[in-house]
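**Student:** Can you read through this structure? Questions will come right after.
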Amino acid sequence: MATVAPIGSPAGPRWISAACGYFALIAGLTGLLGWIANIPVLTDWDSDGINIKANATVAVAAAGGALVAFVSIKSPEIRRAVVLVLAVLVALIGAVTLIEHISGWDFGVDTLLADEPPNQRATSAPGRMGLPATISFILIGTALVLATRSRFRGVSVAASVIVLALCLLSLVGYAFGATSAYTLPRLTGIALQTALTIFVLAVGIIASVPEREPMRTILSDTAAGMLVRRVLPLIIVLPILLGGLRIYGQEIELFDLRFGTAARTVVEVILLAALLWWAAASVEAHEVRLRDSQRRKDEFLAILAHELRNPIAAIRNNLELMRVSGGTPDTVRQSRDVLDRQSAHLARLVDDLLDAGRITTGKIELRREPVELSAIVNQAVEAVRPLCQKAGLELTLKSPSNPIFVNGDPARITQIVGNLLNNACKFTDKGDHVDVSVGSEDENAVVRVRDTGIGIAPEQLEKLFDMFVQADTTLERATSGLGIGLSLVKDLAEMHGGAVEVRSAGLRTGSEFIVRLPQIPEPAALPAGTPKDKGSVAKTNGDKPAELRRVLVVDDNVDSAEALAMILKIKGNEVQIAYDGLEAVELANVFRPNAIILDIGLPRLNGYEAAREIRRQEWGSETVLIALTGWGQQEDRQRSKDAGFDSHMVKPVDYERLIKQLDELAPARSSAAGNV
């Protein structure tokens, strides 16, 4: 099935519609200013004596404003109201003028804002706009109104296409000097800027409806979409260009009418045949890429299933072991460690998938600040060192004597280095080396991760950073992973303005990954809390029993809610549980908790609505609300903030971090504090 870029996505056509709307808005307002201030150049762009009419400037500006509102205002109700008012004004101006044309009556709208000199070129008395603009404004106004109703957006596009055809005749007439196409007062008369702005408005309306044709096909990732994107511009441009060349050749008497017609026909046949051949080759290449993408996706899904089943199997096996063994201390301790490792592994897999999706859709935002690179690399090395020790690898770090600074996101740079180190550990045998170095080359900060592992085959080097690509996809492969880590490294490095490359002489020769990031001068003062000061993670007092603190846990997953409640009780809190949003509000009204740990996807009343309801209560303003949910995108965090949450945490939660959040946001209180 074809996929369409939504209007709000970076790949979508929203910016095209907005640009068209602003162009028309500015053109209409400057034209109106030209009439008010008597500045002819603003009402007659090409100075040929054909002015944009005063009422047409109002219609153009109103239509431009309506289009901008349609693609910019987020509230559906406000957007519909603004578009409706402006669009009706546009259609009304066109409709009244059309009635004047048909009936011969004069309602005075043509001279309401300005009077034109008599006998103005291409204008019927009294300064009335011609039929092309009149009909176009009726259609543009109607199209804008219908665009706000999803059921009628197809009709909106059809009306806009008719407008394109009407204006194209006038614009081509201007280009070729065919005066009858734009100067006949009651038939074709229209000013250049009127025709151009109406044409742009029609394009903007079509672009604002990406789920309907023709935008649906143009934006699709199918061979048809690719073909239209490549061929359509040439189909539009080539005939106009050839027609212009033919007219120019005849004007300078290079050839006569018959020869010009014959020559143009021959050239069109040749160009169209070449275009067809090029289009066929493009479609074939596109299909090859799609087949390769489908193959890699199938491989990825198979690997994903394998990678998910392995930790799930380990978790279930150890749960069964605890059950059949009767829960002996040694068995529980061993199984607990396995459950901890395997659940962390599952969380890493999910995080990698989410990061890949965020980068693909452009939703990752870097939080840049001046940071000292060696400090970040050291953090990543220390985080991976236990893994290397377990695998029997020697891990070394070589740092420069002088600090090297980059303007980057500390968390994402740590992720870059960490992914490279994890990759090196996977593909390096016991007893071998993984060496990390930080340096500076050609005004770039450089991080090198070199291993003496299995190496990389030459045919794999070029595509190693592609999404879902793995050097080893056999059933016997000894390493785990989804083939996402190196792709994330490449994308994150490029988002920082840098690059990554890989070098290997072949199999069994080891490999070297090199990350280059733009270096900056040492700042006068580092922001507080930058990685230079983050060598260690502050320990929480999570194991220290706190004074009595009332916490309400809300989750429709009974097992998860009861386990979290038990952990919080062990930590010294008074805890109660609710299993849906409505129950949470009712119980909180009686329990009056110091903090509420609230899931978002809840029955009866979702977490956002429950949070808002709690905040409306007199006692609710002092209660700490922590969202604990599987929804972790940036827009989810923003919705939590808007609903009144103090913090947003994503499942599976780091319990020490959760306790630290409670200590910071809802300090422990005595058992009598706040009782009602």
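The chains in the structure tokens are called A, B, ... from first to last as shown; in each chain the residues are counted from 1, and the ligands are counted from 1 in the order shown.
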Excluding range 154-170 of chain A and its own-chain neighbours fewer than 6 positions away, which residues fall within 10 Å of it when counting only C-alpha atoms? Please give them as an MDAnalysis selection string.

**Tutor:** chainID A and resid 131:133 135:148 176 178:183 188:192 194:209 211:215

**Student:** Convert the current residue selection to file output with N, CA and C atoms, as a tab-separated table (two decimals), in the first residue's frame.

**Tutor:**
chain	number	residue	atom	x	y	z
A	131	LEU	N	-14.19	37.63	-16.67
A	131	LEU	CA	-14.78	36.34	-16.28
A	131	LEU	C	-13.76	35.35	-15.70
A	132	PRO	N	-12.51	35.23	-16.21
A	132	PRO	CA	-11.58	34.26	-15.63
A	132	PRO	C	-11.37	34.46	-14.13
A	133	ALA	N	-11.14	35.73	-13.73
A	133	ALA	CA	-10.95	36.00	-12.30
A	133	ALA	C	-12.24	35.80	-11.53
A	135	ILE	N	-14.88	33.82	-12.15
A	135	ILE	CA	-15.18	32.39	-11.94
A	135	ILE	C	-14.17	31.76	-10.99
A	136	SER	N	-12.89	32.14	-11.14
A	136	SER	CA	-11.84	31.57	-10.29
A	136	SER	C	-12.07	31.88	-8.82
A	137	PHE	N	-12.49	33.10	-8.51
A	137	PHE	CA	-12.72	33.45	-7.11
A	137	PHE	C	-13.89	32.66	-6.52
A	138	ILE	N	-14.92	32.43	-7.33
A	138	ILE	CA	-16.03	31.60	-6.85
A	138	ILE	C	-15.53	30.19	-6.52
A	139	LEU	N	-14.72	29.64	-7.44
A	139	LEU	CA	-14.21	28.27	-7.24
A	139	LEU	C	-13.20	28.21	-6.09
A	140	ILE	N	-12.32	29.22	-5.97
A	140	ILE	CA	-11.33	29.24	-4.90
A	140	ILE	C	-12.02	29.32	-3.53
A	141	GLY	N	-13.00	30.22	-3.41
A	141	GLY	CA	-13.73	30.33	-2.15
A	141	GLY	C	-14.44	29.04	-1.79
A	142	THR	N	-15.08	28.43	-2.79
A	142	THR	CA	-15.77	27.15	-2.56
A	142	THR	C	-14.79	26.06	-2.17
A	143	ALA	N	-13.64	26.02	-2.86
A	143	ALA	CA	-12.63	24.99	-2.57
A	143	ALA	C	-12.10	25.11	-1.15
A	144	LEU	N	-11.90	26.34	-0.67
A	144	LEU	CA	-11.40	26.54	0.68
A	144	LEU	C	-12.41	26.09	1.73
A	145	VAL	N	-13.68	26.38	1.49
A	145	VAL	CA	-14.72	25.93	2.42
A	145	VAL	C	-14.77	24.40	2.45
A	146	LEU	N	-14.78	23.78	1.28
A	146	LEU	CA	-14.88	22.32	1.21
A	146	LEU	C	-13.65	21.62	1.76
A	147	ALA	N	-12.48	22.28	1.70
A	147	ALA	CA	-11.25	21.67	2.21
A	147	ALA	C	-11.32	21.44	3.72
A	148	THR	N	-12.16	22.20	4.42
A	148	THR	CA	-12.30	22.02	5.87
A	148	THR	C	-13.23	20.86	6.21
A	176	PHE	N	3.57	34.00	-24.32
A	176	PHE	CA	3.74	33.92	-25.77
A	176	PHE	C	3.29	35.20	-26.49
A	178	ALA	N	0.21	36.17	-26.73
A	178	ALA	CA	-1.10	35.92	-27.35
A	178	ALA	C	-2.13	36.78	-26.64
A	179	THR	N	-2.28	38.03	-27.07
A	179	THR	CA	-3.07	39.01	-26.34
A	179	THR	C	-4.54	38.63	-26.19
A	180	SER	N	-5.07	37.89	-27.14
A	180	SER	CA	-6.48	37.51	-27.04
A	180	SER	C	-6.74	36.58	-25.86
A	181	ALA	N	-5.69	35.98	-25.31
A	181	ALA	CA	-5.85	35.07	-24.18
A	181	ALA	C	-6.02	35.81	-22.86
A	182	TYR	N	-5.82	37.16	-22.87
A	182	TYR	CA	-5.92	37.87	-21.60
A	182	TYR	C	-6.40	39.32	-21.72
A	183	THR	N	-6.82	39.74	-22.92
A	183	THR	CA	-7.20	41.15	-23.07
A	183	THR	C	-8.65	41.37	-23.47
A	188	THR	N	-11.82	37.19	-21.68
A	188	THR	CA	-10.54	36.67	-21.18
A	188	THR	C	-9.75	37.70	-20.38
A	189	GLY	N	-10.24	38.90	-20.22
A	189	GLY	CA	-9.46	39.95	-19.59
A	189	GLY	C	-9.07	39.62	-18.16
A	190	ILE	N	-7.76	39.68	-17.89
A	190	ILE	CA	-7.25	39.41	-16.55
A	190	ILE	C	-5.83	39.95	-16.45
A	191	ALA	N	-5.49	40.56	-15.33
A	191	ALA	CA	-4.14	41.09	-15.13
A	191	ALA	C	-3.17	39.95	-14.85
A	192	LEU	N	-1.90	40.17	-15.15
A	192	LEU	CA	-0.88	39.14	-14.93
A	192	LEU	C	-0.83	38.73	-13.46
A	194	THR	N	-3.09	39.01	-11.18
A	194	THR	CA	-4.31	38.32	-10.78
A	194	THR	C	-4.24	36.85	-11.18
A	195	ALA	N	-3.87	36.61	-12.45
A	195	ALA	CA	-3.77	35.23	-12.94
A	195	ALA	C	-2.73	34.45	-12.15
A	196	LEU	N	-1.59	35.09	-11.87
A	196	LEU	CA	-0.50	34.39	-11.18
A	196	LEU	C	-0.87	34.06	-9.74
A	197	THR	N	-1.45	35.02	-9.03
A	197	THR	CA	-1.80	34.76	-7.63
A	197	THR	C	-2.92	33.73	-7.51
A	198	ILE	N	-3.89	33.78	-8.41
A	198	ILE	CA	-4.96	32.77	-8.37
A	198	ILE	C	-4.38	31.38	-8.68
A	199	PHE	N	-3.46	31.32	-9.64
A	199	PHE	CA	-2.80	30.05	-9.98
A	199	PHE	C	-2.07	29.49	-8.75
A	200	VAL	N	-1.33	30.36	-8.06
A	200	VAL	CA	-0.59	29.93	-6.87
A	200	VAL	C	-1.55	29.46	-5.77
A	201	LEU	N	-2.67	30.17	-5.60
A	201	LEU	CA	-3.65	29.76	-4.60
A	201	LEU	C	-4.20	28.37	-4.91
A	202	ALA	N	-4.48	28.09	-6.17
A	202	ALA	CA	-5.00	26.77	-6.55
A	202	ALA	C	-3.98	25.68	-6.24
A	203	VAL	N	-2.70	25.96	-6.54
A	203	VAL	CA	-1.64	24.99	-6.21
A	203	VAL	C	-1.59	24.76	-4.71
A	204	GLY	N	-1.69	25.84	-3.92
A	204	GLY	CA	-1.64	25.71	-2.47
A	204	GLY	C	-2.79	24.89	-1.91
A	205	ILE	N	-3.99	25.06	-2.45
A	205	ILE	CA	-5.14	24.29	-1.98
A	205	ILE	C	-4.96	22.81	-2.31
A	206	ILE	N	-4.50	22.52	-3.50
A	206	ILE	CA	-4.26	21.12	-3.88
A	206	ILE	C	-3.21	20.49	-2.96
A	207	ALA	N	-2.14	21.24	-2.68
A	207	ALA	CA	-1.08	20.72	-1.83
A	207	ALA	C	-1.54	20.54	-0.39
A	208	SER	N	-2.56	21.27	0.04
A	208	SER	CA	-3.02	21.19	1.43
A	208	SER	C	-3.89	19.96	1.69
A	209	VAL	N	-4.19	19.21	0.64
A	209	VAL	CA	-5.04	18.02	0.79
A	209	VAL	C	-4.25	16.80	0.30
A	211	GLU	N	-4.13	13.74	1.19
A	211	GLU	CA	-4.74	12.42	1.17
A	211	GLU	C	-5.62	12.18	-0.05
A	212	ARG	N	-5.79	13.21	-0.90
A	212	ARG	CA	-6.59	13.07	-2.11
A	212	ARG	C	-5.69	13.23	-3.34
A	213	GLU	N	-6.19	12.72	-4.47
A	213	GLU	CA	-5.45	12.91	-5.72
A	213	GLU	C	-5.47	14.38	-6.10
A	214	PRO	N	-4.40	14.89	-6.74
A	214	PRO	CA	-3.21	14.17	-7.22
A	214	PRO	C	-2.10	14.05	-6.20
A	215	MET	N	-2.22	14.74	-5.02
A	215	MET	CA	-1.13	14.72	-4.06
A	215	MET	C	-0.89	13.33	-3.50

**Student:** At a cut-off of 10 Å, using only C-alpha atoms, what residues contact Asp636 in chain A? Leave out same-chain residues fewer than 6 positions from it and give the result as a list in words.

**Tutor:**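 Counting only the stated atoms, we get Ile600, Thr629, Gly630, Asp642 and His648 of chain A.
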
**Student:** Name the residues of range 192-422 of chain A that fall into strand (DSSP E) according to DSSP on the backbone, using the chain letters and numbers of this document, as a ChimeraX atom specification.

**Tutor:** /A:369-372,394-398,405-408

**Student:** Any chance you could export the current selection's N, CA and C atoms as an mmCIF file, in the first residue's frame?

**Tutor:**
data_model
loop_
_atom_site.group_PDB
_atom_site.id
_atom_site.type_symbol
_atom_site.label_atom_id
_atom_site.label_comp_id
_atom_site.auth_asym_id
_atom_site.auth_seq_id
_atom_site.Cartn_x
_atom_site.Cartn_y
_atom_site.Cartn_z
ATOM 1 N N GLU A 369 24.934 21.766 23.573
ATOM 2 C CA GLU A 369 25.642 22.618 24.509
ATOM 3 C C GLU A 369 27.131 22.333 24.345
ATOM 4 N N PRO A 370 27.997 23.260 24.731
ATOM 5 C CA PRO A 370 29.436 22.987 24.638
ATOM 6 C C PRO A 370 29.813 21.892 25.638
ATOM 7 N N VAL A 371 30.423 20.820 25.153
ATOM 8 C CA VAL A 371 30.806 19.706 26.021
ATOM 9 C C VAL A 371 32.221 19.259 25.692
ATOM 10 N N GLU A 372 32.897 18.733 26.708
ATOM 11 C CA GLU A 372 34.253 18.222 26.535
ATOM 12 C C GLU A 372 34.154 16.770 26.107
ATOM 13 N N GLU A 394 40.100 -6.796 26.360
ATOM 14 C CA GLU A 394 40.867 -5.710 26.944
ATOM 15 C C GLU A 394 40.411 -4.397 26.312
ATOM 16 N N LEU A 395 39.901 -3.490 27.133
ATOM 17 C CA LEU A 395 39.372 -2.214 26.655
ATOM 18 C C LEU A 395 40.268 -1.086 27.150
ATOM 19 N N THR A 396 40.777 -0.284 26.212
ATOM 20 C CA THR A 396 41.656 0.824 26.584
ATOM 21 C C THR A 396 41.118 2.127 26.004
ATOM 22 N N LEU A 397 41.423 3.216 26.711
ATOM 23 C CA LEU A 397 41.010 4.551 26.278
ATOM 24 C C LEU A 397 42.222 5.465 26.288
ATOM 25 N N LYS A 398 42.448 6.143 25.169
ATOM 26 C CA LYS A 398 43.534 7.114 25.056
ATOM 27 C C LYS A 398 42.926 8.490 24.846
ATOM 28 N N PHE A 405 36.553 20.288 22.622
ATOM 29 C CA PHE A 405 35.149 20.631 22.838
ATOM 30 C C PHE A 405 34.356 20.527 21.536
ATOM 31 N N VAL A 406 33.108 20.107 21.677
ATOM 32 C CA VAL A 406 32.164 20.078 20.561
ATOM 33 C C VAL A 406 30.853 20.679 21.042
ATOM 34 N N ASN A 407 30.063 21.162 20.116
ATOM 35 C CA ASN A 407 28.721 21.663 20.432
ATOM 36 C C ASN A 407 27.734 20.543 20.119
ATOM 37 N N GLY A 408 27.355 19.794 21.139
ATOM 38 C CA GLY A 408 26.529 18.627 20.865
ATOM 39 C C GLY A 408 25.617 18.274 22.015
#

**Student:** Pick from A:Ala224, A:Gln519, A:Ser47, A:Phe23: nearest to Ala280 in chain A, with only C-alpha atoms counted?

**Tutor:**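 Of A:Ala224, A:Gln519, A:Ser47, A:Phe23, the one nearest Ala280 in chain A is A:Ala224, counting only C-alpha atoms.
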
**Student:** What does the distance from CA of His433 in chain A to CA of Leu393 in chain A come to in Å, to one decimal?

**Tutor:** 5.8 Å

**Student:** Write out as a PyMOL selection string the set of residues from range 100-174 of chain A that DSSP, computed on the backbone, places in helix (DSSP H, G or I).

**Tutor:** chain A and resi 100-103+131-147+150-174

**Student:** With only C-alpha atoms as the counted atoms, please give the residues lying no more than 8 Å from range 262-271 of chain A, apart from itself and same-chain residues fewer than 3 positions off, as an MDAnalysis selection string.

**Tutor:** chainID A and resid 239 242:243 246 258:259 274:275

**Student:** Which is closest to Pro118 in chain A among A:Pro603, A:Pro518, A:Gly49, A:Gly581, if we use only C-alpha atoms?

**Tutor:** A:Gly49

**Student:** For Gly439 in chain A, please output as a VMD selection string all residues within 9 Å (counting only C-alpha atoms; exclusion window: fewer than 3 positions along the same chain).

**Tutor:** chain A and resid 374 398 to 400 404 444 to 448

**Student:** Given only C-alpha atoms as the basis, pick out the residue of A:Leu373, A:Ala578, A:Leu98, A:Leu507 nearest to Glu459 in chain A.

**Tutor:**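 Of the candidates, the smallest distance to Glu459 in chain A is held by A:Leu507.
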
**Student:** Please provide as a list in words all residues within 7 Å of Phe645 in chain A, with the sequence filter that same-chain residues fewer than 6 positions apart are discarded (counting only C-alpha atoms).

**Tutor:**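 Using only C-alpha atoms, the neighbours found are Ala611, Leu625, Ile626 and Ala627 of chain A.
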
**Student:** Can I get the selection written as a PDB file, in the first residue's frame, with C-alpha atoms?

**Tutor:**
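The file below, again.pdb, is the result:
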ATOM      1  CA  ALA A 611      -4.726  14.532  35.718  1.00  0.00           C
ATOM      2  CA  LEU A 625       1.718  13.811  39.297  1.00  0.00           C
ATOM      3  CA  ILE A 626       4.134  11.430  37.586  1.00  0.00           C
ATOM      4  CA  ALA A 627       3.120   9.896  34.261  1.00  0.00           C
TER       5      ALA A 627
END

**Student:** Identify, on the basis of only C-alpha atoms, every residue whose closest approach to Phe591 in chain A does not exceed 12 Å; exclude the query and any residue fewer than 6 positions from it along the same chain; express the result as an NGL selection string.

**Tutor:** :A and (549-553 or 574-578 or 583-585 or 619-620 or 623 or 674-676)

**Student:** Identify which of the residues A:Leu662, A:Val90, A:Ala524, A:Ala18 lies closest to Thr134 in chain A, counting only C-alpha atoms when measuring atom-to-atom distances.

**Tutor:** A:Val90
